[in-house]
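Asks: Structure file target_31.txt, compact mmCIF, C-alpha atoms, is pasted below:
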# COMPACT_ATOMS: atom_id res chain seq x y z
CA MET P 1 0.00 0.00 0.00
CA PHE P 2 2.81 2.39 0.93
CA LEU P 3 4.57 1.63 -2.37
CA VAL P 4 1.41 2.45 -4.35
CA ILE P 5 0.99 5.76 -2.52
CA PHE P 6 4.68 6.57 -3.08
CA ILE P 7 4.43 5.84 -6.82
CA LEU P 8 1.28 7.97 -7.12
CA LEU P 9 2.97 10.82 -5.25
CA ILE P 10 6.03 10.71 -7.51
CA GLY P 11 3.75 10.62 -10.55
CA LEU P 12 1.84 13.67 -9.27
CA ILE P 13 5.06 15.62 -8.67
CA ILE P 14 6.32 14.82 -12.18
CA TYR P 15 2.99 15.99 -13.60
CA MET P 16 3.13 19.23 -11.57
CA VAL P 17 6.66 19.97 -12.78
CA LYS P 18 5.54 19.39 -16.36
CA GLU P 19 2.63 21.81 -15.87
CA ALA P 20 5.01 24.40 -14.40
CA PHE P 21 7.44 24.25 -17.33
CA ALA P 22 4.86 24.05 -20.11
CA ASN P 23 5.45 26.21 -23.18
CA ARG P 24 1.99 27.25 -24.29
CA VAL P 25 0.77 30.10 -26.40
CA ILE P 26 -2.95 30.68 -25.84
CA TYR P 27 -4.55 32.25 -28.92
CA LYS P 28 -7.40 34.64 -28.32
CA GLU P 29 -9.26 36.88 -30.77
CA ILE P 30 -11.09 39.77 -29.15
CA THR P 31 -13.34 42.06 -31.14
CA PHE P 32 -14.47 45.55 -30.22
CA SER P 33 -17.06 47.65 -32.02
CA ASP P 34 -14.86 50.73 -31.58
CA PHE P 35 -11.47 49.23 -32.45
CA PRO P 36 -9.73 51.62 -34.89
CA GLU P 37 -10.55 50.29 -38.33
CA THR P 38 -7.41 51.65 -39.96
CA PHE P 39 -5.24 49.32 -37.85
CA GLY P 40 -6.95 46.27 -39.35
CA GLU P 41 -5.97 43.77 -36.72
CA VAL P 42 -3.23 44.05 -34.11
CA LYS P 43 -1.50 41.07 -32.49
CA LEU P 44 -0.22 41.41 -28.93
CA PHE P 45 2.10 38.85 -27.36
CA PHE P 46 1.50 39.01 -23.61
CA ILE P 47 3.84 37.28 -21.16
CA SER P 48 3.71 37.76 -17.40
CA ASP P 49 5.44 36.35 -14.32
CA ILE P 50 8.55 34.94 -15.97
CA HIS P 51 10.40 34.81 -12.64
CA LYS P 52 13.28 32.28 -12.87
CA ARG P 53 12.44 30.79 -16.26
CA VAL P 54 14.38 31.15 -19.49
CA ILE P 55 11.91 31.81 -22.29
CA SER P 56 11.86 28.78 -24.56
CA ASP P 57 12.95 29.10 -28.19
CA GLN P 58 9.81 27.11 -28.97
CA ILE P 59 7.69 30.01 -27.72
CA ILE P 60 9.73 32.57 -29.66
CA GLN P 61 9.53 30.60 -32.91
CA GLU P 62 5.80 30.06 -32.57
CA VAL P 63 5.12 33.76 -31.99
CA GLN P 64 7.51 34.76 -34.80
CA HIS P 65 5.51 32.54 -37.14
CA SER P 66 2.30 34.26 -36.03
CA LYS P 67 3.92 37.71 -36.46
CA ALA P 68 3.12 39.58 -33.26
CA ASP P 69 3.06 43.37 -33.57
CA ILE P 70 3.75 44.35 -29.96
CA VAL P 71 5.18 42.43 -26.99
CA ILE P 72 3.95 43.21 -23.48
CA ILE P 73 5.68 42.03 -20.29
CA GLY P 74 3.13 42.10 -17.51
CA GLY P 75 5.50 42.34 -14.55
CA ASP P 76 7.63 39.94 -12.49
CA LEU P 77 10.18 39.65 -15.26
CA ALA P 78 12.47 38.30 -12.54
CA GLU P 79 12.89 37.86 -8.79
CA LYS P 80 15.62 37.73 -6.17
CA GLY P 81 18.46 35.45 -7.22
CA VAL P 82 17.88 35.70 -10.98
CA SER P 83 21.00 36.90 -12.78
CA PHE P 84 20.94 39.97 -14.98
CA GLU P 85 22.51 37.83 -17.70
CA ARG P 86 19.40 35.65 -17.72
CA ILE P 87 17.13 38.69 -17.71
CA LYS P 88 18.99 40.19 -20.66
CA GLU P 89 18.79 36.88 -22.53
CA ASN P 90 15.01 36.86 -22.09
CA LEU P 91 14.69 40.51 -23.14
CA LEU P 92 16.74 40.03 -26.30
CA LYS P 93 14.61 37.04 -27.25
CA LEU P 94 11.43 39.09 -26.82
CA LYS P 95 12.93 41.97 -28.80
CA THR P 96 13.15 39.70 -31.86
CA LEU P 97 9.34 39.63 -31.90
CA GLY P 98 8.64 43.38 -32.00
CA ASP P 99 8.44 46.50 -29.85
CA VAL P 100 8.44 45.57 -26.15
CA LEU P 101 6.45 47.29 -23.38
CA PHE P 102 7.00 46.53 -19.68
CA VAL P 103 5.25 47.17 -16.37
CA TRP P 104 6.79 46.54 -12.96
CA GLY P 105 5.68 43.67 -10.74
CA ASN P 106 6.28 43.24 -7.01
CA ASN P 107 9.06 40.66 -7.45
CA ASP P 108 10.99 42.89 -9.85
CA TYR P 109 11.83 45.10 -6.87
CA GLU P 110 13.65 42.24 -5.11
CA LEU P 111 16.61 42.92 -7.39
CA ASP P 112 18.68 46.07 -7.83
CA TYR P 113 15.74 47.71 -9.58
CA ARG P 114 17.76 50.74 -10.65
CA TYR P 115 20.12 48.44 -12.55
CA LEU P 116 17.13 46.57 -13.96
CA ASP P 117 15.63 49.87 -15.10
CA ALA P 118 18.88 50.72 -16.90
CA LEU P 119 19.03 47.25 -18.48
CA LEU P 120 15.48 47.58 -19.79
CA LEU P 121 16.27 50.93 -21.37
CA ASP P 122 19.55 49.61 -22.81
CA CYS P 123 17.61 46.76 -24.46
CA GLY P 124 15.17 49.24 -26.00
CA VAL P 125 12.22 48.29 -23.79
CA LYS P 126 9.57 50.95 -23.16
CA ILE P 127 8.74 51.09 -19.44
CA LEU P 128 5.17 52.03 -18.60
CA ASP P 129 5.54 53.26 -15.02
CA ASN P 130 2.32 55.21 -14.50
CA THR P 131 2.66 56.47 -18.06
CA ALA P 132 1.29 55.83 -21.54
CA ALA P 133 2.66 54.94 -24.99
CA PHE P 134 1.03 55.72 -28.31
CA PHE P 135 0.86 53.96 -31.66
CA GLU P 136 -0.71 55.86 -34.54
CA SER P 137 -1.98 54.63 -37.90
CA ALA P 138 -1.24 56.48 -41.16
CA GLU P 139 -4.76 57.92 -40.93
CA GLY P 140 -4.17 59.29 -37.43
CA GLU P 141 -6.11 56.77 -35.34
CA ARG P 142 -4.39 55.80 -32.10
CA LEU P 143 -3.75 52.83 -29.84
CA ILE P 144 -2.95 53.98 -26.32
CA PHE P 145 -1.12 51.62 -23.97
CA MET P 146 -1.27 52.70 -20.34
CA GLY P 147 0.76 51.02 -17.63
CA ILE P 148 0.86 51.36 -13.86
CA ASP P 149 3.55 50.46 -11.36
CA ASP P 150 2.98 47.72 -8.80
CA ILE P 151 -0.14 48.00 -6.66
CA SER P 152 0.92 45.75 -3.77
CA LEU P 153 3.98 47.95 -3.12
CA LYS P 154 1.83 51.09 -3.43
CA ARG P 155 3.88 52.43 -6.31
CA ASP P 156 0.88 52.74 -8.62
CA ARG P 157 -0.48 56.09 -9.79
CA PHE P 158 -3.46 55.31 -11.96
CA ASP P 159 -4.26 59.01 -12.07
CA LEU P 160 -0.89 59.82 -13.66
CA ALA P 161 -1.32 57.12 -16.29
CA LEU P 162 -4.74 58.54 -17.16
CA ALA P 163 -3.30 62.04 -17.37
CA ASP P 164 -0.47 60.88 -19.62
CA ALA P 165 -2.97 59.16 -21.92
CA GLY P 166 -4.58 62.55 -22.39
CA THR P 167 -8.08 63.43 -23.46
CA ASP P 168 -7.61 62.67 -27.16
CA GLU P 169 -9.63 59.87 -28.68
CA GLY P 170 -7.92 56.51 -28.93
CA PHE P 171 -8.36 52.84 -28.13
CA ARG P 172 -7.08 52.38 -24.58
CA ILE P 173 -5.38 49.28 -23.19
CA LEU P 174 -4.19 49.19 -19.57
CA VAL P 175 -1.38 46.91 -18.40
CA SER P 176 -1.21 46.26 -14.66
CA HIS P 177 0.68 43.43 -13.01
CA ASN P 178 -2.01 43.20 -10.37
CA PRO P 179 -5.59 42.72 -11.63
CA GLN P 180 -7.01 44.57 -8.60
CA VAL P 181 -6.81 47.73 -10.70
CA VAL P 182 -10.19 46.91 -12.26
CA SER P 183 -11.90 48.11 -9.07
CA ARG P 184 -10.73 51.64 -9.94
CA ILE P 185 -11.76 51.65 -13.57
CA LYS P 186 -14.89 53.55 -14.51
CA SER P 187 -16.74 53.45 -17.80
CA GLU P 188 -15.78 57.07 -18.50
CA HIS P 189 -12.08 56.10 -18.49
CA GLN P 190 -12.75 54.31 -21.78
CA ILE P 191 -10.25 51.54 -21.00
CA ARG P 192 -11.33 48.75 -23.30
CA LEU P 193 -8.89 46.02 -22.26
CA VAL P 194 -6.82 45.26 -19.14
CA LEU P 195 -3.89 42.83 -19.21
CA SER P 196 -2.61 41.42 -15.91
CA GLY P 197 -0.99 38.46 -14.16
CA HIS P 198 0.37 38.24 -10.58
CA THR P 199 -1.96 35.53 -9.27
CA HIS P 200 -0.41 32.65 -11.28
CA GLY P 201 -3.94 31.36 -11.68
CA GLY P 202 -3.61 30.05 -8.14
CA GLN P 203 -0.60 27.97 -9.25
CA ILE P 204 -1.63 24.92 -7.21
CA HIS P 205 -5.27 23.88 -6.83
CA ILE P 206 -6.00 21.24 -4.20
CA PHE P 207 -9.27 19.42 -4.95
CA GLY P 208 -10.04 22.29 -7.30
CA TYR P 209 -9.49 24.95 -4.62
CA SER P 210 -6.91 27.74 -4.54
CA PRO P 211 -6.88 31.29 -3.12
CA TYR P 212 -6.95 32.57 -6.73
CA GLU P 213 -9.02 31.47 -9.69
CA LYS P 214 -7.49 30.18 -12.91
CA GLY P 215 -6.44 32.73 -15.48
CA LYS P 216 -9.25 33.77 -17.78
CA LEU P 217 -10.77 36.46 -19.96
CA LYS P 218 -13.60 38.33 -18.28
CA LYS P 219 -15.99 40.71 -19.94
CA MET P 220 -16.99 43.23 -17.29
CA LYS P 221 -19.32 46.20 -17.31
CA GLN P 222 -16.53 48.78 -17.36
CA THR P 223 -13.85 46.87 -19.33
CA THR P 224 -12.55 43.49 -20.51
CA LEU P 225 -9.97 41.83 -18.22
CA LEU P 226 -7.40 39.17 -19.06
CA ILE P 227 -5.70 37.49 -16.09
CA SER P 228 -2.86 35.19 -17.09
CA ASN P 229 -1.69 32.07 -15.24
CA GLY P 230 1.78 33.39 -16.05
CA TYR P 231 4.88 31.71 -17.44
CA GLY P 232 6.94 31.05 -14.31
CA THR P 233 6.33 30.15 -10.68
CA THR P 234 7.18 31.40 -7.21
CA ALA P 235 8.49 29.22 -4.39
CA LEU P 236 8.26 25.64 -5.66
CA PRO P 237 8.41 25.10 -9.45
CA LEU P 238 5.12 23.21 -9.38
CA ARG P 239 1.67 23.80 -10.85
CA LEU P 240 -1.61 21.94 -10.57
CA GLY P 241 -4.78 23.06 -12.31
CA ALA P 242 -3.17 26.28 -13.56
CA LYS P 243 -0.77 25.35 -16.35
CA ALA P 244 1.90 27.86 -17.41
CA GLU P 245 0.85 30.03 -20.34
CA THR P 246 1.57 32.99 -22.59
CA HIS P 247 -0.91 34.73 -24.89
CA LEU P 248 -1.17 35.89 -28.47
CA ILE P 249 -4.13 38.27 -28.56
CA THR P 250 -5.58 39.47 -31.84
CA LEU P 251 -7.52 42.71 -31.56
CA LYS P 252 -9.87 43.69 -34.37
CA ARG P 253 -13.08 45.50 -35.13
CA GLY P 254 -16.23 43.47 -34.87
Please go through the file and, once you have read it, give me the structure as structure tokens.
Replies:
Amino acid sequence: MFLVIFILLIGLIIYMVKEAFANRVIYKEITFSDFPETFGEVKLFFISDIHKRVISDQIIQEVQHSKADIVIIGGDLAEKGVSFERIKENLLKLKTLGDVLFVWGNNDYELDYRYLDALLLDCGVKILDNTAAFFESAEGERLIFMGIDDISLKRDRFDLALADAGTDEGFRILVSHNPQVVSRIKSEHQIRLVLSGHTHGGQIHIFGYSPYEKGKLKKMKQTTLLISNGYGTTALPLRLGAKAETHLITLKRG
């Protein structure tokens, strides 16, 4: 009996490690009636909570084949103990896919965050720290990417990001490591999509239960929210019921 239990336990651990180191790209097409028609469709590669992982070449090749337009890092690019060489390796891989935007996560501040800030800039990554970035079509229509600093460390200034986005018309996307930001969003902010991670989808679900729900796309009254399970893990490199994931999101009018 003990041997059977031991074999089952080993099998479960192997399965959980496999779930933690999965290389998945989740494809999602999201349509909006007010998406700027002159952009046609825009493909966003969203990756959050990388932590200690090295981004797989398999992921990079798959996204290259799908031709992403913009790459978004949703925070927790790294954590304490991760070398800057590994971080740079991951950034350079992501840079091969397109323009890269980044928001800070709580674990990013466990490192020398001033050095990390310099590394991001040196690699040509646009940091959205309570600011906004703009992409404009030839006809003058705009995509506005807003990003806030980490909420749990109280470094977020949603008001500054809104101010930086301005009052001009444009399709607004907010990137926040922590999905709690949705409680602050009002319909008049005109934020059509929120991209977030942080929760790891619960990471480990015991009998289907975890403090956090699995990553998902939610259509809410004031916005649409994507919460990712994330690519890496914290503490033990194990997952159960919340497999590692990245996302290729196609935005279009519809």
Asks: Given all atoms listed in the file as the basis, pick out the residue of P:Ile14, P:Ile7, P:Ala133, P:Ile87 nearest to Asp108 of chain P.
Replies: P:Ile87
Asks: Taking (-17.8, 47.0, -33.7) in the coordinates of the supplied file, I want to know which residues reach to within 12 Å of it, counting only C-alpha atoms; could you give the answer as a PyMOL selection string?
Replies: chain P and resi 30-37+251-254
Asks: Would you mind exporting C-alpha atoms of the selected residues as a PDB file, in the frame of the given file?
Replies:
ATOM      1  CA  ILE P  30     -11.090  39.770 -29.150  1.00  0.00           C
ATOM      2  CA  THR P  31     -13.340  42.060 -31.140  1.00  0.00           C
ATOM      3  CA  PHE P  32     -14.470  45.550 -30.220  1.00  0.00           C
ATOM      4  CA  SER P  33     -17.060  47.650 -32.020  1.00  0.00           C
ATOM      5  CA  ASP P  34     -14.860  50.730 -31.580  1.00  0.00           C
ATOM      6  CA  PHE P  35     -11.470  49.230 -32.450  1.00  0.00           C
ATOM      7  CA  PRO P  36      -9.730  51.620 -34.890  1.00  0.00           C
ATOM      8  CA  GLU P  37     -10.550  50.290 -38.330  1.00  0.00           C
ATOM      9  CA  LEU P 251      -7.520  42.710 -31.560  1.00  0.00           C
ATOM     10  CA  LYS P 252      -9.870  43.690 -34.370  1.00  0.00           C
ATOM     11  CA  ARG P 253     -13.080  45.500 -35.130  1.00  0.00           C
ATOM     12  CA  GLY P 254     -16.230  43.470 -34.870  1.00  0.00           C
TER      13      GLY P 254
END
Asks: Measuring atom to atom with only C-alpha atoms, identify which of P:Arg114, P:Gly98, P:Lys18, P:Val63 is nearest to Thr246 of chain P.
Replies: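 For Thr246 of chain P, the nearest of the given residues is P:Val63.
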Asks: Around (8.3, 35.2, -18.1), as given in the file, which residues come within 10 Å? Count only C-alpha atoms and list them as a tab-separated table (two decimals) with C-alpha atoms, keeping the file's coordinate frame.
Replies:
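Output file part_5.tsv is given in full below:
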chain	number	residue	atom	x	y	z
P	46	PHE	CA	1.50	39.01	-23.61
P	47	ILE	CA	3.84	37.28	-21.16
P	48	SER	CA	3.71	37.76	-17.40
P	49	ASP	CA	5.44	36.35	-14.32
P	50	ILE	CA	8.55	34.94	-15.97
P	51	HIS	CA	10.40	34.81	-12.64
P	52	LYS	CA	13.28	32.28	-12.87
P	53	ARG	CA	12.44	30.79	-16.26
P	54	VAL	CA	14.38	31.15	-19.49
P	55	ILE	CA	11.91	31.81	-22.29
P	56	SER	CA	11.86	28.78	-24.56
P	73	ILE	CA	5.68	42.03	-20.29
P	74	GLY	CA	3.13	42.10	-17.51
P	75	GLY	CA	5.50	42.34	-14.55
P	76	ASP	CA	7.63	39.94	-12.49
P	77	LEU	CA	10.18	39.65	-15.26
P	78	ALA	CA	12.47	38.30	-12.54
P	87	ILE	CA	17.13	38.69	-17.71
P	90	ASN	CA	15.01	36.86	-22.09
P	91	LEU	CA	14.69	40.51	-23.14
P	230	GLY	CA	1.78	33.39	-16.05
P	231	TYR	CA	4.88	31.71	-17.44
P	232	GLY	CA	6.94	31.05	-14.31
P	233	THR	CA	6.33	30.15	-10.68
P	244	ALA	CA	1.90	27.86	-17.41
P	245	GLU	CA	0.85	30.03	-20.34
P	246	THR	CA	1.57	32.99	-22.59
Asks: I'd like to know which of P:Leu111, P:Val82, P:Ala132, P:Ile59 is closest to Phe21 of chain P, using all atoms listed in the file.
Replies: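 Using all atoms listed in the file, Phe21 of chain P sits closest to P:Ile59.
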Asks: Of the candidates P:Gln61, P:Ser183, P:Ser83, P:Thr131, which shows the shortest atom-to-atom distance to Leu162 of chain P, using all atoms listed in the file?
Replies: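 Using all atoms listed in the file, the shortest distance to Leu162 of chain P belongs to P:Thr131.
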